[in-house]
Number of protein chains: 2
Amino acid sequence: MTDTWVEALAGGKADLERVSTAQKVADMIRSRVLKGELEPGLRLSEEALGTALGVSRNTLREAFRLLTHDRLLVHEHSRGVFVRVPTAADVRDLYTARRVIECGALRLWPAADKAAKDAVRQAVDFAVKGAAKDNWNDVGTGNIRFHQAITRLAGSDRLNEEGDRLYAEVRLAFQVIKETRSFYERYLVWNRTIVELLSKDEVDQAVESLAEYFRIAEEDLVTHLPSS
Amino acid sequence: MTDTWVEALAGGKADLERVSTAQKVADMIRSRVLKGELEPGLRLSEEALGTALGVSRNTLREAFRLLTHDRLLVHEHSRGVFVRVPTAADVRDLYTARRVIECGALRLWPAADKAAKDAVRQAVDFAVKGAAKDNWNDVGTGNIRFHQAITRLAGSDRLNEEGDRLYAEVRLAFQVIKETRSFYERYLVWNRTIVELLSKDEVDQAVESLAEYFRIAEEDLVTHLPSS
DNA sequence: GCATATTTGTCCGTATGTATA
DNA sequence: CTATACATACGGACAAATATG
C-alpha cells in the first residue's frame, strides 16, 4: 500500500507497475524544467547531476534519453545534454502538429465517449473558477487540460502520448515569457466559445474556432520569443 | 568523406551528424525486426545480443531504450525486452491515430508545397510500377511511402516522426501475416482513387476515401491477427 | 513449496575520443 | 597548439528479481 503512495509522489504515471530509478529521475528533472527551475539552454552535467541525485551516470543517461524523447532536452554528440531552447521554428512546427491532431480529434466529437466529452467541459469550468478567484496558475493548467481533453476525444493512447509531449513542449516555450496572465485571459474566452458551440453540436464551427485560436496563440508565442 | 558513406550505410537518419553506437545497434535491430528476422514475442537477451554484436551491455541497453520508444520492443521489469506482439487493441489504437493524423494532413492539400504533393503522386507511381512487374514488395513499400507522403503534407517534423513510428508499428503488425499480396493489391486501388480525386482538387472526397481505406485496412489486420 | 541457476538492475572504474579554453 | 574537461564506451561487480528444476 505504501508503495503506491511513494510511486504517486515520485511522478507521473504511477499505475500498478514499478517505476525504474531512471523514470523517477526523469520525472524529477521534467518537473524542474517545466517549473523553470532549470532554464532553457542550461547544460546538464552527467557527473554533477549524478552525484547530486545520488544515481550513477548510467542511470542518469537513461533518464536523459527519456527526456530527450519528450523533446525537453536536446542531445549534442560528445557535448552533453541541454535544456531545450525553443525557437520560432519549433513553435511553428509544434502548432502545425497541434492543429492537425486537435482539430482532427475535435471532429470526432459526435462519436466520442460521454466521459471524454465531460472532461472537455470540466477543464473549462476549472479555468473559469480559477479566473474568478484571480488564480491565473489554475487558468493556465485548465487551458492545458482543455486541449488534452480534446485530444483524448479520439480515444487513442498513442495520440494521447504524442499530445502530452507537445503540451510539455508548449509549456517549455511559455517558460520564457514572464507575464502570462494576459495570454490565458484571452485564451479562456476562446475555450468557452468552443464549448458553447459543441453544446449546440455545431462541430464544424467549433473546429474553425479552434483553428483560429491556434493561429493567435502561435503568433503570441513567436512574437514574444527572443531571437526569433 | 568516407565517414558519411559509412553513416549512410549504417542506417536511417545519417545527416551530417555522427551517430552513436547505440543508434547504429538500434537501427540494425530495427531493420531485423521489420524484416521479420526477429519475430514478435522473442526475448532479446542482453548478454547474448551484446556479445553477438560486439557491444557492451550498457550500450545495448541504450539501443533497447530507443526501440522501446518506437514501440517495436516492450520492456518488462526484471524480465527483459521482447519484440512487441501487436494485439487487436494495438491495431485499433494505431489506426485511430492514423485516421486523425493523415486525414488532418490531407485536408491541408491545397496549402501544401508542390514538392510534398509530388511525393504523394510518386509513391503511387512506384507502387503501380511494382505491380506491373509483379513485385509485391515494391507495392508494399510504395503503400507506406504514400501514407508517409500524406503525413508530410502538413510540414511538421514532429508529426512526421510520430507518423514514422506508427508506420513501423503497422509493418510489425503485418509481419504476422504471410500472404500480403491480396492486401496490397486492394490497397493500391484506393491509393490511385485518392490521387485522382486530389488531382481534381476534390479534397473532401479524397479525405472520405482515405477514411474508408482505414476502415478496411484496420479490419483486415484485426481479423487476420491471431488470438484477436 | 523450495532451492538453485540465470538474468536483469544498478553502480563503479577506466581508457579513449572529442570539444573548448 | 597544448591542456583541460567532459562525454562515450567498455568491462566487471554485486544485489535483486525471475525462471527452472
# chains A, B, ... in the order shown; residues from 1 in each chain; ligands from 1
call {"tool": "select_by_dssp", "arguments": {"residues": "chain A", "states": "strand (DSSP E or B)", "output": "number ranges by chain"}}
result
A: 43-44, 73-76, 80-83
call {"tool": "write_last_selection", "arguments": {"atoms": "N, CA and C atoms", "output": "short mmCIF file (atom, residue, chain, number, x, y, z; two decimals), in the first residue's frame"}}
result
data_model
loop_
_atom_site.label_atom_id
_atom_site.label_comp_id
_atom_site.auth_asym_id
_atom_site.auth_seq_id
_atom_site.Cartn_x
_atom_site.Cartn_y
_atom_site.Cartn_z
N ARG A 43 23.21 23.53 -19.47
CA ARG A 43 23.78 22.22 -19.72
C ARG A 43 23.65 21.35 -18.46
N LEU A 44 23.24 20.12 -18.64
CA LEU A 44 23.08 19.20 -17.52
C LEU A 44 24.28 18.26 -17.49
N LEU A 73 14.82 17.95 -23.53
CA LEU A 73 16.27 18.09 -23.56
C LEU A 73 16.74 17.83 -24.99
N VAL A 74 17.86 18.44 -25.35
CA VAL A 74 18.48 18.14 -26.64
C VAL A 74 19.86 17.56 -26.39
N HIS A 75 20.20 16.63 -27.24
CA HIS A 75 21.44 15.89 -27.05
C HIS A 75 22.43 16.28 -28.15
N GLU A 76 23.59 16.79 -27.78
CA GLU A 76 24.61 17.10 -28.77
C GLU A 76 25.79 16.16 -28.57
N GLY A 80 27.12 16.77 -24.63
CA GLY A 80 26.24 16.65 -23.49
C GLY A 80 24.79 16.98 -23.80
N VAL A 81 23.98 17.06 -22.76
CA VAL A 81 22.57 17.37 -22.94
C VAL A 81 22.27 18.75 -22.37
N PHE A 82 21.35 19.44 -23.01
CA PHE A 82 20.98 20.80 -22.62
C PHE A 82 19.46 20.88 -22.53
N VAL A 83 18.98 21.79 -21.68
CA VAL A 83 17.56 22.09 -21.67
C VAL A 83 17.24 22.78 -22.99
#
call {"tool": "interface_residues", "arguments": {"of": "chain C", "to": "chain B", "cutoff": "10 Å", "atoms": "only C-alpha atoms (C1' of nucleotides)", "output": "mmCIF file with C-alpha atoms (C1' of nucleotides), in the first residue's frame"}}
result
data_model
loop_
_atom_site.group_PDB
_atom_site.id
_atom_site.type_symbol
_atom_site.label_atom_id
_atom_site.label_comp_id
_atom_site.auth_asym_id
_atom_site.auth_seq_id
_atom_site.Cartn_x
_atom_site.Cartn_y
_atom_site.Cartn_z
ATOM 1 C "C1'" DT C 7 19.141 -12.706 -15.964
ATOM 2 C "C1'" DT C 8 18.285 -8.116 -15.095
ATOM 3 C "C1'" DG C 9 19.039 -3.527 -12.394
#
call {"tool": "closest_residue", "arguments": {"among": "B:Ala132, B:Ala88, B:Ile144, B:Val55", "to": "chain D", "atoms": "only C-alpha atoms (C1' of nucleotides)"}}
result
B:Val55
call {"tool": "interface_residues", "arguments": {"of": "chain D", "to": "chain B", "cutoff": "10 Å", "atoms": "only C-alpha atoms (C1' of nucleotides)", "output": "mmCIF file with N, CA and C atoms (P, O5', C5', C4', C3', O3' and C1' of nucleotides), in the first residue's frame"}}
result
data_model
loop_
_atom_site.group_PDB
_atom_site.id
_atom_site.type_symbol
_atom_site.label_atom_id
_atom_site.label_comp_id
_atom_site.auth_asym_id
_atom_site.auth_seq_id
_atom_site.Cartn_x
_atom_site.Cartn_y
_atom_site.Cartn_z
ATOM 1 P P DT D 8 27.640 11.524 -24.892
ATOM 2 O "O5'" DT D 8 28.626 10.317 -25.224
ATOM 3 C "C5'" DT D 8 29.464 10.401 -26.370
ATOM 4 C "C4'" DT D 8 30.327 9.161 -26.451
ATOM 5 C "C3'" DT D 8 29.550 7.833 -26.352
ATOM 6 O "O3'" DT D 8 29.788 7.092 -27.542
ATOM 7 C "C1'" DT D 8 31.480 7.834 -24.942
ATOM 8 P P DA D 9 28.865 5.787 -27.872
ATOM 9 O "O5'" DA D 9 29.691 4.601 -27.211
ATOM 10 C "C5'" DA D 9 30.999 4.332 -27.691
ATOM 11 C "C4'" DA D 9 31.706 3.416 -26.719
ATOM 12 C "C3'" DA D 9 30.909 2.164 -26.330
ATOM 13 O "O3'" DA D 9 31.514 1.023 -26.946
ATOM 14 C "C1'" DA D 9 32.041 3.157 -24.461
ATOM 15 P P DC D 10 30.941 -0.416 -26.687
ATOM 16 O "O5'" DC D 10 31.903 -0.945 -25.535
ATOM 17 C "C5'" DC D 10 33.299 -0.907 -25.743
ATOM 18 C "C4'" DC D 10 34.017 -1.250 -24.449
ATOM 19 C "C3'" DC D 10 33.559 -2.570 -23.825
ATOM 20 O "O3'" DC D 10 34.584 -3.543 -23.981
ATOM 21 C "C1'" DC D 10 33.786 -0.811 -22.194
ATOM 22 P P DG D 11 34.272 -5.096 -23.796
ATOM 23 O "O5'" DG D 11 34.507 -5.328 -22.240
ATOM 24 C "C5'" DG D 11 35.771 -5.066 -21.688
ATOM 25 C "C4'" DG D 11 35.693 -5.180 -20.177
ATOM 26 C "C3'" DG D 11 34.994 -6.446 -19.678
ATOM 27 O "O3'" DG D 11 35.872 -7.169 -18.835
ATOM 28 C "C1'" DG D 11 34.102 -4.499 -18.618
ATOM 29 P P DA D 16 19.481 -6.697 -2.039
ATOM 30 O "O5'" DA D 16 18.497 -6.880 -3.279
ATOM 31 C "C5'" DA D 16 18.255 -5.781 -4.152
ATOM 32 C "C4'" DA D 16 17.408 -6.238 -5.330
ATOM 33 C "C3'" DA D 16 16.221 -7.120 -4.940
ATOM 34 O "O3'" DA D 16 15.066 -6.699 -5.649
ATOM 35 C "C1'" DA D 16 17.542 -8.225 -6.559
ATOM 36 P P DA D 17 13.620 -7.235 -5.204
ATOM 37 O "O5'" DA D 17 13.088 -7.947 -6.530
ATOM 38 C "C5'" DA D 17 13.247 -7.290 -7.777
ATOM 39 C "C4'" DA D 17 13.282 -8.315 -8.893
ATOM 40 C "C3'" DA D 17 12.142 -9.342 -8.821
ATOM 41 O "O3'" DA D 17 11.305 -9.178 -9.960
ATOM 42 C "C1'" DA D 17 14.250 -10.387 -9.247
ATOM 43 P P DT D 18 9.987 -10.101 -10.117
ATOM 44 O "O5'" DT D 18 10.468 -11.265 -11.094
ATOM 45 C "C5'" DT D 18 11.251 -10.942 -12.236
ATOM 46 C "C4'" DT D 18 11.838 -12.193 -12.836
ATOM 47 C "C3'" DT D 18 10.841 -13.343 -13.010
ATOM 48 O "O3'" DT D 18 10.766 -13.685 -14.383
ATOM 49 C "C1'" DT D 18 12.878 -14.107 -12.049
ATOM 50 P P DA D 19 9.680 -14.728 -14.928
ATOM 51 O "O5'" DA D 19 10.567 -16.032 -15.142
ATOM 52 C "C5'" DA D 19 11.703 -15.956 -15.998
ATOM 53 C "C4'" DA D 19 12.529 -17.223 -15.897
ATOM 54 C "C3'" DA D 19 11.731 -18.513 -16.136
ATOM 55 O "O3'" DA D 19 12.479 -19.354 -17.012
ATOM 56 C "C1'" DA D 19 12.849 -18.631 -14.051
#
call {"tool": "residues_around", "arguments": {"residues": "A:Val176", "least_positions_apart": "4", "cutoff": "12 Å", "atoms": "only C-alpha atoms (C1' of nucleotides)", "output": "list in words"}}
result
Val33, Leu34, Lys35, Gly36, Glu37, Leu38, Glu39, Pro40, Gly41, Arg84, Val85, Pro86, Thr87, Glu169, Val170, Arg171, Leu172, Thr180, Leu221, Val222, Thr223, His224, Leu225, Pro226 and Ser227 of chain A
call {"tool": "write_last_selection", "arguments": {"atoms": "N, CA and C atoms", "output": "CSV table (one decimal), in the first residue's frame"}}
result
chain,number,residue,atom,x,y,z
A,33,VAL,N,12.2,21.4,-15.0
A,33,VAL,CA,12.3,22.1,-16.3
A,33,VAL,C,11.0,22.8,-16.6
A,34,LEU,N,9.9,22.2,-16.3
A,34,LEU,CA,8.6,22.8,-16.6
A,34,LEU,C,8.3,23.9,-15.6
A,35,LYS,N,8.9,23.9,-14.4
A,35,LYS,CA,8.7,24.9,-13.5
A,35,LYS,C,9.6,26.1,-13.7
A,36,GLY,N,10.6,25.9,-14.6
A,36,GLY,CA,11.5,27.0,-14.9
A,36,GLY,C,12.7,27.0,-14.0
A,37,GLU,N,12.8,26.0,-13.1
A,37,GLU,CA,14.0,26.0,-12.2
A,37,GLU,C,15.3,25.6,-13.0
A,38,LEU,N,15.1,24.8,-14.0
A,38,LEU,CA,16.2,24.6,-14.9
A,38,LEU,C,15.9,25.3,-16.2
A,39,GLU,N,16.6,26.4,-16.4
A,39,GLU,CA,16.2,27.2,-17.6
A,39,GLU,C,16.7,26.7,-18.9
A,40,PRO,N,16.0,27.0,-20.0
A,40,PRO,CA,16.4,26.6,-21.3
A,40,PRO,C,17.9,27.1,-21.6
A,41,GLY,N,18.6,26.2,-22.3
A,41,GLY,CA,20.0,26.4,-22.6
A,41,GLY,C,21.0,25.9,-21.6
A,84,ARG,N,16.2,22.3,-23.7
A,84,ARG,CA,15.9,22.8,-25.0
A,84,ARG,C,15.6,24.3,-25.0
A,85,VAL,N,16.1,25.0,-26.0
A,85,VAL,CA,15.8,26.4,-26.2
A,85,VAL,C,14.8,26.5,-27.3
A,86,PRO,N,13.5,26.7,-27.1
A,86,PRO,CA,12.5,26.7,-28.2
A,86,PRO,C,12.8,27.8,-29.1
A,87,THR,N,12.8,27.6,-30.4
A,87,THR,CA,12.9,28.6,-31.4
A,87,THR,C,11.6,28.9,-32.0
A,169,GLU,N,6.1,20.6,-24.4
A,169,GLU,CA,7.0,21.5,-25.1
A,169,GLU,C,6.4,22.9,-25.2
A,170,VAL,N,5.1,23.0,-25.3
A,170,VAL,CA,4.5,24.3,-25.3
A,170,VAL,C,4.7,25.0,-24.0
A,171,ARG,N,4.6,24.2,-22.9
A,171,ARG,CA,4.8,24.8,-21.6
A,171,ARG,C,6.2,25.3,-21.5
A,172,LEU,N,7.2,24.6,-22.1
A,172,LEU,CA,8.6,25.0,-22.1
A,172,LEU,C,8.7,26.3,-22.8
A,180,THR,N,2.1,35.9,-18.2
A,180,THR,CA,1.3,35.1,-19.0
A,180,THR,C,-0.2,35.4,-18.8
A,221,LEU,N,3.2,33.4,-29.2
A,221,LEU,CA,4.5,32.8,-28.8
A,221,LEU,C,5.6,33.3,-29.6
A,222,VAL,N,5.4,33.3,-30.9
A,222,VAL,CA,6.5,33.6,-31.9
A,222,VAL,C,7.0,35.0,-31.6
A,223,THR,N,6.0,35.9,-31.5
A,223,THR,CA,6.4,37.3,-31.3
A,223,THR,C,7.1,37.6,-30.0
A,224,HIS,N,6.8,36.8,-29.0
A,224,HIS,CA,7.4,37.1,-27.6
A,224,HIS,C,8.6,36.2,-27.4
A,225,LEU,N,9.0,35.5,-28.4
A,225,LEU,CA,10.2,34.6,-28.2
A,225,LEU,C,11.4,35.5,-28.6
A,226,PRO,N,12.4,35.4,-27.7
A,226,PRO,CA,13.7,36.1,-28.0
A,226,PRO,C,14.4,35.5,-29.2
A,227,SER,N,15.1,36.4,-29.9
A,227,SER,CA,15.9,36.0,-31.1
A,227,SER,C,15.1,35.1,-32.1
call {"tool": "interface_residues", "arguments": {"of": "chain A", "to": "chain B", "cutoff": "8 Å", "atoms": "only C-alpha atoms", "output": "list in words"}}
result
Arg18, Asn58, Glu62, Arg65, His69, His77, Asp93, Leu94, Thr96, Ala97, Val100, Ile101, Cys103, Gly104, Ala105, Ala154, Gly155, Ser156, Asp157, Arg158, Leu159 and Glu162 of chain A
call {"tool": "select_by_dssp", "arguments": {"residues": "stretch 88-202 of chain B", "states": "alpha helix (DSSP H)", "output": "ChimeraX atom specification"}}
result
/B:88-106,114-132,136-152,157-174,181-199
call {"tool": "residues_around", "arguments": {"residues": "D:DG21", "least_positions_apart": "4", "cutoff": "10 Å", "atoms": "only C-alpha atoms (C1' of nucleotides)", "output": "PyMOL selection string"}}
result
chain C and resi 3-5
call {"tool": "write_last_selection", "arguments": {"atoms": "N, CA and C atoms (P, O5', C5', C4', C3', O3' and C1' of nucleotides)", "output": "short mmCIF file (atom, residue, chain, number, x, y, z; two decimals), in the first residue's frame"}}
result
data_model
loop_
_atom_site.label_atom_id
_atom_site.label_comp_id
_atom_site.auth_asym_id
_atom_site.auth_seq_id
_atom_site.Cartn_x
_atom_site.Cartn_y
_atom_site.Cartn_z
P DA C 3 14.60 -24.07 0.94
"O5'" DA C 3 15.70 -24.40 -0.16
"C5'" DA C 3 15.98 -25.77 -0.51
"C4'" DA C 3 16.74 -25.79 -1.82
"C3'" DA C 3 17.93 -24.83 -1.87
"O3'" DA C 3 19.04 -25.48 -2.48
"C1'" DA C 3 16.43 -24.33 -3.63
P DT C 4 20.44 -24.67 -2.63
"O5'" DT C 4 20.58 -24.53 -4.21
"C5'" DT C 4 20.28 -25.66 -5.05
"C4'" DT C 4 20.19 -25.19 -6.50
"C3'" DT C 4 21.36 -24.28 -6.93
"O3'" DT C 4 21.97 -24.81 -8.08
"C1'" DT C 4 19.27 -23.29 -7.49
P DA C 5 23.29 -24.12 -8.64
"O5'" DA C 5 22.74 -23.42 -9.95
"C5'" DA C 5 21.95 -24.19 -10.88
"C4'" DA C 5 21.39 -23.27 -11.96
"C3'" DA C 5 22.44 -22.35 -12.60
"O3'" DA C 5 22.23 -22.33 -14.01
"C1'" DA C 5 20.69 -21.05 -11.68
#
call {"tool": "decode", "arguments": {"residues": "stretch 66-78 of chain B", "atoms": "N, CA and C atoms", "output": "PDB file, in the first residue's frame"}}
result
ATOM      1  N   LEU B  66      15.893   3.061 -27.060  1.00  0.00           N
ATOM      2  CA  LEU B  66      15.459   3.759 -28.275  1.00  0.00           C
ATOM      3  C   LEU B  66      14.325   3.004 -28.962  1.00  0.00           C
ATOM      4  N   LEU B  67      14.487   1.691 -29.091  1.00  0.00           N
ATOM      5  CA  LEU B  67      13.486   0.900 -29.803  1.00  0.00           C
ATOM      6  C   LEU B  67      12.211   0.740 -28.994  1.00  0.00           C
ATOM      7  N   THR B  68      12.340   0.794 -27.680  1.00  0.00           N
ATOM      8  CA  THR B  68      11.145   0.760 -26.839  1.00  0.00           C
ATOM      9  C   THR B  68      10.316   2.017 -27.063  1.00  0.00           C
ATOM     10  N   HIS B  69      10.988   3.142 -27.232  1.00  0.00           N
ATOM     11  CA  HIS B  69      10.273   4.391 -27.517  1.00  0.00           C
ATOM     12  C   HIS B  69       9.547   4.312 -28.847  1.00  0.00           C
ATOM     13  N   ASP B  70      10.114   3.569 -29.776  1.00  0.00           N
ATOM     14  CA  ASP B  70       9.469   3.407 -31.077  1.00  0.00           C
ATOM     15  C   ASP B  70       8.417   2.317 -31.046  1.00  0.00           C
ATOM     16  N   ARG B  71       8.213   1.741 -29.863  1.00  0.00           N
ATOM     17  CA  ARG B  71       7.182   0.723 -29.637  1.00  0.00           C
ATOM     18  C   ARG B  71       7.425  -0.579 -30.394  1.00  0.00           C
ATOM     19  N   LEU B  72       8.636  -0.787 -30.869  1.00  0.00           N
ATOM     20  CA  LEU B  72       8.929  -2.063 -31.539  1.00  0.00           C
ATOM     21  C   LEU B  72       9.312  -3.115 -30.509  1.00  0.00           C
ATOM     22  N   LEU B  73       9.854  -2.679 -29.383  1.00  0.00           N
ATOM     23  CA  LEU B  73      10.173  -3.584 -28.284  1.00  0.00           C
ATOM     24  C   LEU B  73       9.356  -3.188 -27.059  1.00  0.00           C
ATOM     25  N   VAL B  74       9.072  -4.164 -26.226  1.00  0.00           N
ATOM     26  CA  VAL B  74       8.422  -3.856 -24.954  1.00  0.00           C
ATOM     27  C   VAL B  74       9.343  -4.299 -23.832  1.00  0.00           C
ATOM     28  N   HIS B  75       9.308  -3.515 -22.774  1.00  0.00           N
ATOM     29  CA  HIS B  75      10.211  -3.727 -21.663  1.00  0.00           C
ATOM     30  C   HIS B  75       9.409  -4.229 -20.462  1.00  0.00           C
ATOM     31  N   GLU B  76       9.785  -5.376 -19.927  1.00  0.00           N
ATOM     32  CA  GLU B  76       9.125  -5.879 -18.719  1.00  0.00           C
ATOM     33  C   GLU B  76      10.153  -5.896 -17.591  1.00  0.00           C
ATOM     34  N   HIS B  77       9.779  -5.245 -16.507  1.00  0.00           N
ATOM     35  CA  HIS B  77      10.728  -5.040 -15.426  1.00  0.00           C
ATOM     36  C   HIS B  77      11.324  -6.349 -14.901  1.00  0.00           C
ATOM     37  N   SER B  78      12.648  -6.371 -14.860  1.00  0.00           N
ATOM     38  CA  SER B  78      13.389  -7.529 -14.353  1.00  0.00           C
ATOM     39  C   SER B  78      13.155  -8.792 -15.183  1.00  0.00           C
TER      40      SER B  78
END
